[in-house]
>>> print(open('target22.cif').read())   # mmCIF, C-alpha atoms
data_start
loop_
_atom_site.label_atom_id
_atom_site.label_comp_id
_atom_site.auth_asym_id
_atom_site.auth_seq_id
_atom_site.Cartn_x
_atom_site.Cartn_y
_atom_site.Cartn_z
CA MET A 1 -129.81 -77.91 -183.74
CA SER A 2 -126.83 -80.00 -184.96
CA PRO A 3 -123.44 -78.19 -184.88
CA PRO A 4 -122.83 -77.82 -188.65
CA ALA A 5 -126.06 -75.84 -189.14
CA GLN A 6 -124.54 -73.33 -191.54
CA PRO A 7 -123.96 -75.55 -194.63
CA ARG A 8 -127.46 -76.94 -194.36
CA LEU A 9 -129.09 -73.54 -194.19
CA TRP A 10 -128.19 -72.73 -197.79
CA ARG A 11 -129.77 -75.91 -199.15
CA HIS A 12 -132.94 -75.77 -197.10
CA PRO A 13 -135.95 -75.53 -199.45
CA GLU A 14 -137.39 -72.64 -197.43
CA PHE A 15 -134.07 -70.77 -197.66
CA VAL A 16 -134.23 -71.22 -201.43
CA GLN A 17 -137.87 -70.10 -201.48
CA GLY A 18 -137.09 -67.02 -199.40
CA SER A 19 -134.23 -66.12 -201.73
CA LYS A 20 -136.46 -66.57 -204.78
CA ASP A 21 -139.25 -64.42 -203.36
CA MET A 22 -136.79 -61.65 -202.56
CA ALA A 23 -135.03 -62.00 -205.92
CA GLY A 24 -138.36 -61.16 -207.60
CA ILE A 25 -138.19 -57.64 -206.19
CA ALA A 26 -134.39 -57.34 -206.12
CA LEU A 27 -134.49 -54.98 -209.10
CA GLY A 28 -136.52 -52.52 -207.04
CA ILE A 29 -134.27 -52.96 -204.01
CA ALA A 30 -131.22 -52.38 -206.20
CA ALA A 31 -132.73 -49.18 -207.60
CA TRP A 32 -133.23 -47.83 -204.08
CA GLY A 33 -129.74 -48.90 -203.04
CA LEU A 34 -128.32 -47.10 -206.05
CA VAL A 35 -130.27 -43.94 -205.28
CA THR A 36 -129.21 -44.07 -201.61
CA GLY A 37 -125.57 -44.61 -202.55
CA VAL A 38 -125.65 -41.61 -204.89
CA ALA A 39 -127.45 -39.50 -202.26
CA MET A 40 -124.86 -40.25 -199.58
CA VAL A 41 -121.95 -39.00 -201.67
CA ASN A 42 -123.82 -36.07 -203.25
CA GLY A 43 -125.14 -35.15 -199.81
CA GLY A 44 -121.60 -34.37 -198.73
CA LEU A 45 -120.53 -37.45 -196.77
CA GLY A 46 -117.57 -38.32 -198.97
CA VAL A 47 -116.80 -41.81 -200.25
CA GLY A 48 -115.27 -43.22 -197.05
CA LEU A 49 -118.12 -42.23 -194.75
CA ALA A 50 -120.70 -43.19 -197.37
CA LEU A 51 -119.16 -46.68 -197.51
CA LEU A 52 -119.18 -46.97 -193.72
CA MET A 53 -122.78 -45.79 -193.50
CA SER A 54 -123.95 -48.07 -196.27
CA LEU A 55 -122.26 -51.15 -194.85
CA ILE A 56 -123.23 -50.86 -191.19
CA VAL A 57 -126.47 -48.85 -190.92
CA PHE A 58 -128.53 -50.97 -193.37
CA ALA A 59 -131.67 -48.82 -193.12
CA GLY A 60 -132.21 -46.83 -196.31
CA SER A 61 -134.89 -44.42 -195.15
CA ALA A 62 -133.00 -43.54 -191.94
CA GLN A 63 -129.84 -43.03 -194.01
CA LEU A 64 -131.61 -40.72 -196.47
CA ALA A 65 -133.15 -38.76 -193.59
CA THR A 66 -129.87 -38.19 -191.73
CA ILE A 67 -127.35 -37.60 -194.56
CA ALA A 68 -127.96 -33.86 -194.68
CA LEU A 69 -127.97 -33.60 -190.86
CA ILE A 70 -124.60 -35.34 -190.54
CA ALA A 71 -123.08 -33.37 -193.42
CA ALA A 72 -124.21 -30.15 -191.70
CA GLY A 73 -122.75 -31.28 -188.36
CA ALA A 74 -126.10 -31.27 -186.52
CA PRO A 75 -125.99 -32.32 -182.83
CA LEU A 76 -125.76 -36.10 -182.48
CA TRP A 77 -129.01 -36.34 -180.55
CA VAL A 78 -130.82 -34.63 -183.45
CA VAL A 79 -129.35 -37.13 -185.92
CA TRP A 80 -130.29 -40.08 -183.73
CA ALA A 81 -133.77 -38.79 -182.80
CA THR A 82 -134.48 -38.34 -186.50
CA ALA A 83 -133.46 -41.93 -187.22
CA VAL A 84 -135.58 -43.25 -184.34
CA CYS A 85 -138.65 -41.42 -185.69
CA VAL A 86 -138.06 -42.66 -189.23
CA ASN A 87 -137.61 -46.19 -187.81
CA LEU A 88 -140.74 -46.17 -185.63
CA ARG A 89 -142.47 -48.50 -188.08
CA PHE A 90 -139.86 -51.14 -187.20
CA VAL A 91 -140.91 -50.89 -183.55
CA ILE A 92 -144.44 -51.81 -184.64
CA PHE A 93 -143.10 -54.62 -186.85
CA SER A 94 -141.08 -55.94 -183.90
CA ALA A 95 -144.34 -56.45 -181.98
CA ALA A 96 -145.61 -58.49 -184.94
CA TRP A 97 -142.31 -60.44 -185.02
CA ARG A 98 -142.39 -61.30 -181.32
CA PRO A 99 -144.58 -64.44 -181.40
CA TYR A 100 -142.42 -65.94 -184.17
CA VAL A 101 -139.03 -65.44 -182.52
CA HIS A 102 -139.35 -64.96 -178.75
CA HIS A 103 -138.39 -68.60 -178.08
CA ARG A 104 -135.04 -68.25 -179.88
CA SER A 105 -131.70 -67.43 -178.24
CA ARG A 106 -130.72 -63.81 -177.57
CA TRP A 107 -127.99 -64.03 -180.24
CA ASP A 108 -130.46 -65.38 -182.81
CA ARG A 109 -132.86 -62.54 -182.03
CA LEU A 110 -130.09 -59.95 -182.16
CA ARG A 111 -128.84 -60.85 -185.64
CA MET A 112 -132.35 -61.42 -186.89
CA ALA A 113 -133.35 -57.94 -185.63
CA TYR A 114 -130.51 -56.29 -187.55
CA PHE A 115 -131.54 -57.98 -190.81
CA SER A 116 -135.32 -57.60 -190.50
CA ALA A 117 -135.72 -54.73 -192.94
CA ASP A 118 -139.12 -53.76 -194.38
CA LEU A 119 -139.23 -56.17 -197.28
CA SER A 120 -137.94 -59.14 -195.28
CA THR A 121 -140.75 -58.50 -192.81
CA VAL A 122 -143.38 -58.16 -195.53
CA LEU A 123 -142.38 -61.37 -197.32
CA PHE A 124 -142.09 -63.34 -194.09
CA MET A 125 -145.53 -62.30 -192.80
CA ARG A 126 -147.03 -63.07 -196.21
CA ARG A 127 -145.65 -66.62 -196.13
CA TYR A 128 -146.36 -67.24 -192.44
CA PRO A 129 -149.56 -65.33 -191.57
CA GLN A 130 -150.16 -67.37 -188.39
CA PRO A 131 -148.24 -65.66 -185.53
CA GLU A 132 -146.62 -68.80 -184.13
CA PRO A 133 -143.29 -70.59 -184.64
CA ALA A 134 -143.21 -73.17 -187.45
CA PRO A 135 -140.50 -75.24 -189.15
CA GLY A 136 -138.85 -73.52 -192.08
CA GLN A 137 -139.46 -69.97 -190.82
CA TRP A 138 -135.89 -69.37 -189.76
CA GLU A 139 -134.52 -70.58 -193.10
CA TYR A 140 -137.11 -68.64 -195.09
CA PHE A 141 -136.23 -65.46 -193.24
CA TRP A 142 -132.50 -65.80 -193.93
CA GLY A 143 -133.01 -66.66 -197.58
CA GLY A 144 -134.90 -63.42 -198.07
CA ALA A 145 -132.82 -61.31 -195.69
CA LEU A 146 -129.45 -62.27 -197.18
CA THR A 147 -130.71 -61.77 -200.74
CA ASN A 148 -132.05 -58.37 -199.68
CA TRP A 149 -128.71 -57.53 -198.02
CA LEU A 150 -126.73 -58.55 -201.08
CA SER A 151 -128.80 -56.67 -203.66
CA TRP A 152 -129.02 -53.59 -201.44
CA HIS A 153 -125.29 -53.36 -200.73
CA THR A 154 -124.16 -54.22 -204.25
CA ALA A 155 -126.34 -51.45 -205.64
CA SER A 156 -125.45 -49.00 -202.89
CA LEU A 157 -121.71 -49.50 -203.53
CA VAL A 158 -122.28 -49.04 -207.27
CA GLY A 159 -124.22 -45.86 -206.45
CA ILE A 160 -121.35 -44.56 -204.32
CA ALA A 161 -118.91 -45.29 -207.14
CA LEU A 162 -121.09 -43.76 -209.88
CA SER A 163 -122.45 -40.79 -207.93
CA GLY A 164 -122.65 -37.80 -210.20
CA SER A 165 -122.93 -39.77 -213.42
CA ILE A 166 -126.54 -40.98 -213.09
CA PRO A 167 -129.04 -38.48 -214.58
CA PRO A 168 -131.86 -37.79 -212.08
CA GLU A 169 -134.51 -37.60 -214.86
CA TRP A 170 -134.30 -41.36 -215.33
CA GLY A 171 -136.37 -41.54 -212.17
CA LEU A 172 -134.50 -44.64 -210.96
CA SER A 173 -136.19 -44.58 -207.57
CA PHE A 174 -139.44 -45.27 -209.41
CA ALA A 175 -138.27 -48.86 -209.85
CA GLY A 176 -138.36 -49.11 -206.06
CA THR A 177 -141.90 -47.69 -206.05
CA LEU A 178 -142.92 -50.35 -208.58
CA ALA A 179 -141.46 -53.10 -206.40
CA LEU A 180 -143.63 -51.78 -203.55
CA LEU A 181 -146.63 -51.78 -205.87
CA GLY A 182 -146.08 -55.42 -206.86
CA LEU A 183 -145.65 -56.46 -203.24
CA THR A 184 -148.78 -54.57 -202.19
CA CYS A 185 -150.76 -56.30 -204.96
CA SER A 186 -149.49 -59.68 -203.74
CA LEU A 187 -150.79 -58.95 -200.23
CA LEU A 188 -154.28 -57.91 -201.32
CA ALA A 189 -156.42 -60.98 -200.71
CA GLY A 190 -159.92 -60.34 -199.49
CA PRO A 191 -161.84 -57.34 -198.14
CA SER A 192 -159.90 -56.93 -194.87
CA THR A 193 -156.56 -56.47 -196.63
CA TRP A 194 -158.09 -54.03 -199.12
CA MET A 195 -159.56 -52.10 -196.24
CA ALA A 196 -156.17 -51.92 -194.48
CA ALA A 197 -154.45 -50.75 -197.68
CA VAL A 198 -157.07 -48.11 -198.45
CA VAL A 199 -157.11 -46.76 -194.88
CA ALA A 200 -153.30 -46.67 -194.74
CA SER A 201 -153.03 -44.96 -198.15
CA GLY A 202 -155.58 -42.33 -197.22
CA ALA A 203 -154.01 -41.66 -193.84
CA ALA A 204 -150.51 -41.46 -195.32
CA ILE A 205 -151.64 -38.89 -197.89
CA ALA A 206 -153.69 -36.89 -195.36
CA ALA A 207 -150.82 -36.82 -192.85
CA TYR A 208 -148.12 -36.27 -195.47
CA ALA A 209 -147.18 -32.86 -194.07
CA LEU A 210 -145.89 -34.43 -190.84
CA PRO A 211 -142.09 -34.34 -190.51
CA LEU A 212 -139.73 -37.37 -190.35
CA ARG A 213 -142.07 -39.62 -192.35
CA LEU A 214 -144.31 -39.88 -189.30
CA ASN A 215 -147.24 -40.09 -191.73
CA ILE A 216 -146.26 -43.75 -192.17
CA VAL A 217 -146.64 -44.39 -188.44
CA VAL A 218 -150.01 -42.61 -188.48
CA ALA A 219 -151.08 -44.76 -191.44
CA ILE A 220 -150.05 -48.03 -189.74
CA ALA A 221 -151.85 -46.99 -186.56
CA ALA A 222 -155.00 -46.12 -188.54
CA ALA A 223 -154.99 -49.44 -190.42
CA VAL A 224 -154.33 -51.50 -187.28
CA ALA A 225 -157.04 -49.58 -185.39
CA MET A 226 -159.47 -50.23 -188.24
CA ALA A 227 -158.56 -53.92 -188.22
CA ILE A 228 -159.25 -54.11 -184.46
CA VAL A 229 -162.65 -52.44 -184.93
CA MET A 230 -163.62 -54.78 -187.77
CA ASP A 231 -162.32 -57.83 -185.90
CA THR A 232 -164.27 -56.88 -182.76
CA ALA A 233 -167.42 -56.13 -184.75
CA ALA A 234 -167.18 -59.44 -186.64
CA ARG A 235 -166.80 -61.35 -183.38
CA ALA A 236 -169.69 -59.45 -181.74
CA LEU A 237 -172.00 -60.06 -184.71
CA LYS A 238 -171.22 -63.74 -185.19
CA PRO A 239 -173.23 -65.20 -182.26
CA ALA A 240 -176.09 -62.79 -182.93
CA ALA A 241 -176.27 -63.89 -186.56
CA SER A 242 -176.28 -67.60 -185.70
CA SER A 243 -178.92 -67.22 -182.96
CA SER A 244 -181.41 -65.25 -185.09
CA MET B 1 -118.35 -32.07 -189.82
CA THR B 2 -115.30 -33.86 -188.37
CA THR B 3 -114.64 -37.49 -189.23
CA SER B 4 -114.88 -38.66 -185.62
CA TYR B 5 -118.26 -36.91 -185.28
CA ALA B 6 -119.55 -38.56 -188.46
CA VAL B 7 -118.25 -42.00 -187.41
CA ALA B 8 -119.95 -41.62 -184.01
CA ALA B 9 -123.19 -40.58 -185.71
CA ILE B 10 -123.05 -43.58 -188.06
CA LEU B 11 -122.24 -46.07 -185.27
CA GLY B 12 -125.22 -44.71 -183.34
CA LEU B 13 -127.43 -45.16 -186.41
CA ALA B 14 -126.38 -48.81 -186.70
CA LEU B 15 -127.33 -49.34 -183.06
CA ILE B 16 -130.69 -47.64 -183.70
CA THR B 17 -131.29 -50.05 -186.61
CA VAL B 18 -130.97 -53.06 -184.27
CA VAL B 19 -132.82 -51.56 -181.32
CA THR B 20 -135.85 -50.32 -183.27
CA ARG B 21 -136.13 -53.52 -185.35
CA GLY B 22 -135.93 -55.71 -182.27
CA PHE B 23 -137.67 -53.40 -179.82
CA PHE B 24 -140.37 -55.80 -178.63
CA PHE B 25 -138.46 -59.08 -178.85
CA LEU B 26 -134.83 -58.44 -177.87
CA LEU B 27 -135.53 -58.51 -174.14
CA ASP B 28 -136.58 -61.75 -172.46
CA ARG B 29 -139.25 -59.96 -170.45
CA GLU B 30 -142.74 -61.37 -171.02
CA ILE B 31 -144.91 -58.94 -172.99
CA ARG B 32 -148.53 -59.74 -173.72
CA PHE B 33 -150.49 -57.62 -176.13
CA PRO B 34 -154.29 -57.75 -176.08
CA ALA B 35 -155.41 -60.51 -178.44
CA PRO B 36 -157.31 -58.20 -180.86
CA LEU B 37 -154.18 -56.02 -181.18
CA GLU B 38 -152.02 -59.08 -181.77
CA ARG B 39 -154.33 -60.22 -184.58
CA ALA B 40 -154.51 -56.73 -186.07
CA LEU B 41 -150.72 -56.34 -186.12
CA ARG B 42 -150.49 -58.63 -189.12
CA TYR B 43 -151.82 -55.76 -191.20
CA ALA B 44 -148.89 -53.54 -190.15
CA PRO B 45 -146.47 -54.54 -192.96
CA LEU B 46 -149.17 -54.10 -195.62
CA ALA B 47 -150.17 -50.74 -194.11
CA ALA B 48 -146.55 -49.57 -194.14
CA LEU B 49 -146.18 -50.57 -197.79
CA ALA B 50 -149.37 -48.78 -198.80
CA ALA B 51 -148.36 -45.73 -196.75
CA VAL B 52 -145.03 -45.41 -198.56
CA LEU B 53 -146.52 -46.28 -201.94
CA ALA B 54 -149.63 -44.07 -202.16
CA PRO B 55 -147.89 -40.67 -201.79
CA GLU B 56 -145.18 -41.80 -204.24
CA LEU B 57 -147.87 -42.36 -206.87
CA VAL B 58 -150.31 -39.48 -206.45
CA MET B 59 -148.39 -36.65 -204.76
CA LEU B 60 -145.86 -34.14 -206.06
CA GLU B 61 -143.90 -31.87 -203.74
CA GLY B 62 -146.34 -32.45 -200.90
CA HIS B 63 -149.58 -31.93 -202.83
CA LEU B 64 -152.02 -34.25 -204.56
CA ILE B 65 -151.48 -34.08 -208.30
CA SER B 66 -154.36 -32.71 -210.37
CA THR B 67 -153.45 -33.96 -213.81
CA TRP B 68 -153.65 -37.24 -215.70
CA HIS B 69 -150.47 -36.28 -217.52
CA ASP B 70 -148.28 -37.92 -214.92
CA PRO B 71 -146.30 -40.96 -216.07
CA ARG B 72 -146.42 -42.50 -212.60
CA LEU B 73 -150.21 -43.06 -212.78
CA TRP B 74 -150.09 -44.87 -216.12
CA ALA B 75 -147.01 -46.86 -215.17
CA ALA B 76 -148.69 -47.95 -211.92
CA ALA B 77 -151.90 -48.91 -213.76
CA GLY B 78 -149.95 -50.93 -216.33
CA ALA B 79 -147.84 -52.60 -213.64
CA ALA B 80 -150.92 -53.50 -211.57
CA ALA B 81 -152.59 -54.90 -214.70
CA TRP B 82 -149.50 -57.03 -215.33
CA TYR B 83 -149.67 -58.34 -211.78
CA ALA B 84 -153.36 -59.23 -212.15
CA TRP B 85 -152.55 -61.06 -215.40
CA ARG B 86 -149.22 -62.79 -214.76
CA ARG B 87 -148.45 -62.41 -211.03
CA THR B 88 -144.71 -62.03 -211.53
CA MET B 89 -142.79 -59.34 -209.64
CA LEU B 90 -140.08 -58.79 -212.22
CA GLY B 91 -142.77 -58.18 -214.85
CA VAL B 92 -144.42 -55.58 -212.63
CA ILE B 93 -141.17 -53.62 -212.39
CA VAL B 94 -140.18 -54.02 -216.04
CA VAL B 95 -143.64 -53.10 -217.44
CA GLY B 96 -143.99 -50.16 -215.04
CA LEU B 97 -140.52 -48.82 -215.85
CA ALA B 98 -141.10 -49.24 -219.61
CA ILE B 99 -144.31 -47.17 -219.45
CA PHE B 100 -142.76 -44.63 -217.08
CA LEU B 101 -139.63 -44.08 -219.15
CA SER B 102 -141.40 -43.99 -222.52
CA LEU B 103 -143.88 -41.38 -221.24
CA ARG B 104 -141.20 -39.32 -219.53
CA LEU B 105 -138.34 -39.54 -222.02
CA GLY B 106 -140.41 -40.22 -225.19
CA TRP B 107 -143.42 -37.92 -224.66
CA GLY B 108 -141.70 -35.51 -222.32
CA TRP B 109 -144.32 -35.67 -219.54
#
>>> encode(input="target22.cif", output="structure tokens")
Amino acid sequence: MSPPAQPRLWRHPEFVQGSKDMAGIALGIAAWGLVTGVAMVNGGLGVGLALLMSLIVFAGSAQLATIALIAAGAPLWVVWATAVCVNLRFVIFSAAWRPYVHHRSRWDRLRMAYFSADLSTVLFMRRYPQPEPAPGQWEYFWGGALTNWLSWHTASLVGIALSGSIPPEWGLSFAGTLALLGLTCSLLAGPSTWMAAVVASGAAIAAYALPLRLNIVVAIAAAVAMAIVMDTAARALKPAASSS
Amino acid sequence: MTTSYAVAAILGLALITVVTRGFFFLLDREIRFPAPLERALRYAPLAALAAVLAPELVMLEGHLISTWHDPRLWAAAGAAAWYAWRRTMLGVIVVGLAIFLSLRLGWGW
């Protein structure tokens, strides 16, 4: 709340913790950034536009989905509708974010929204599972978000510069997949999380043929629906079990 | 593709990034979700991770793979084993990549 908030942010223990947690998967983030950087130039955007896209869009999957559309000169509404569909998971995340941030100023929420990419959201919700404001949350978020931003953009710029000289058979994007795997493992604690992961995996594979990565939205909806059913059943059974 | 068209497209994409990520909390309007939904939403990030991850590990060009000779499976198993043993993220990525690259480049899978 004091005016010189900025210098203190960097030294806050939760800022440091957030940075450390994100640094653990930065190698995976960097691999994706590299792949996205290469894809933007090879997809026909040219270096200037690729730089602009990388620096201001900051949403890898939406970038990958729209590169070919922009290069082909598709109508703007098609480009934007595609990005909205690919970003639908963020709309769901924003509902999960709401109880943590709705008390903050509009400006705080605006910049926080821009930086709340997938992995920042995942790490934050892992550290603060209770959906209510708590001290340290804001600092933890920025530690992770800025580390994510830095590793993503550094790698993306390197990818733009090196496009064409990275052999595809190295399977660099697999490093990103491994980062996801590690994160998923770290979230699996107890039967309800396993259930959510299994339901989401199955739904994502079953609905894979859907366009615009909508299978991910289907999978989130299936896992959340399953969690509601289990939650309701557990609450309905509890009094019955204690009274018998 | 003209430059002004591409710049307009990219500016719109940046706006979409902010609007989708802040959809339910950018406006001051009071929104109440049913309590069971609010509790269940905490599984959304995990579900999204699993939904991106699972097809990346067991599908190829839109179909389930039907062979064990896929370096991704063994790399994922090794990486998960590392996590169970040491619980470090960097190790998960390094072990997984080492298995993946040695099977792909060394064995030619």
>>> resolve_selection(input="target22.cif", expression="the PyMOL selection byres ((chain B and resi 98-107) around 9)", output="list in words")
Glu169, Trp170, Gly171 and Phe174 of chain A; Asp70, Pro71, Arg72, Leu73, Trp74, Ala75, Ala76, Gly78, Ala79, Ile93, Val94, Val95, Gly96, Leu97, Gly108 and Trp109 of chain B
>>> resolve_selection(input="target22.cif", expression="the PyMOL selection byres ((chain A and resi 12-21) around 7)", output="list in words")
Arg8, Leu9, Trp10, Arg11, Met22, Ala23, Gly24, Gly136, Glu139, Tyr140, Phe141, Trp142, Gly143, Gly144 and Thr147 of chain A
>>> interface_residues(input="target22.cif", of="chain A", to="chain B", cutoff="7 Å", atoms="all atoms listed in the file", output="ChimeraX atom specification")
/A:24-25,53,56-57,59,70-73,76,80,83-84,87-88,90-91,93-96,98,102,106,109-110,113-114,116,121-122,175,177-182,184,187,196-197,200-201,204-205,208-209,216,219-220,223-224,227-228
>>> atom_distance(input="target22.cif", atom1="CA of Gly190 (chain A)", atom2="CA of Leu119 (chain A)")
21.2 Å
>>> atom_distance(input="target22.cif", atom1="CA of Val86 (chain A)", atom2="CA of Leu212 (chain A)")
5.7 Å
>>> residues_around(input="target22.cif", residues="Tyr100 (chain A)", least_positions_apart="6", cutoff="10 Å", atoms="only C-alpha atoms", output="list in words")
Met125, Tyr128, Gln130, Pro131, Glu132, Pro133, Ala134, Gln137 and Trp138 of chain A; Phe25 of chain B
>>> resolve_selection(input="target22.cif", expression="the PyMOL selection byres ((chain A and resi 29-46) around 7)", output="list in words")
Ile25, Ala26, Leu27, Gly28, Val47, Gly48, Leu49, Ala50, Gly60, Leu64, Ile67, Ala68, Ala71, Ser151, Trp152, His153, Ala155, Ser156, Leu157, Val158, Gly159, Ile160, Ser163, Leu172, Ser173, Ala175 and Gly176 of chain A
>>> atom_distance(input="target22.cif", atom1="CA of Glu61 (chain B)", atom2="CA of Ala81 (chain B)")
26.9 Å
>>> axis_aligned_box(input="target22.cif", around="region 20-24 of chain B", padding_each_side="4 Å", output="JSON")
{"center_x": -138.1, "center_y": -53.1, "center_z": -182.0, "size_x": 12.5, "size_y": 13.5, "size_z": 14.7}
>>> closest_residue(input="target22.cif", among="A:Ser54, A:Gln63, A:Ser186, A:Thr154", to="Arg127 (chain A)", atoms="all atoms listed in the file")
A:Ser186
>>> decode(input="target22.cif", residues="region 64-75 of chain B", atoms="C-alpha atoms", output="PDB file, in the first residue's frame")
ATOM      1  CA  LEU B  64      -4.165 -43.303 -30.656  1.00  0.00           C
ATOM      2  CA  ILE B  65      -0.794 -44.945 -31.185  1.00  0.00           C
ATOM      3  CA  SER B  66      -0.755 -48.741 -31.261  1.00  0.00           C
ATOM      4  CA  THR B  67       2.905 -49.455 -30.653  1.00  0.00           C
ATOM      5  CA  TRP B  68       5.250 -49.491 -27.686  1.00  0.00           C
ATOM      6  CA  HIS B  69       8.034 -48.341 -29.988  1.00  0.00           C
ATOM      7  CA  ASP B  70       7.291 -44.696 -29.345  1.00  0.00           C
ATOM      8  CA  PRO B  71       9.983 -42.734 -27.499  1.00  0.00           C
ATOM      9  CA  ARG B  72       7.392 -40.442 -25.917  1.00  0.00           C
ATOM     10  CA  LEU B  73       5.909 -43.261 -23.796  1.00  0.00           C
ATOM     11  CA  TRP B  74       9.256 -44.339 -22.342  1.00  0.00           C
ATOM     12  CA  ALA B  75      10.409 -40.767 -21.828  1.00  0.00           C
TER      13      ALA B  75
END
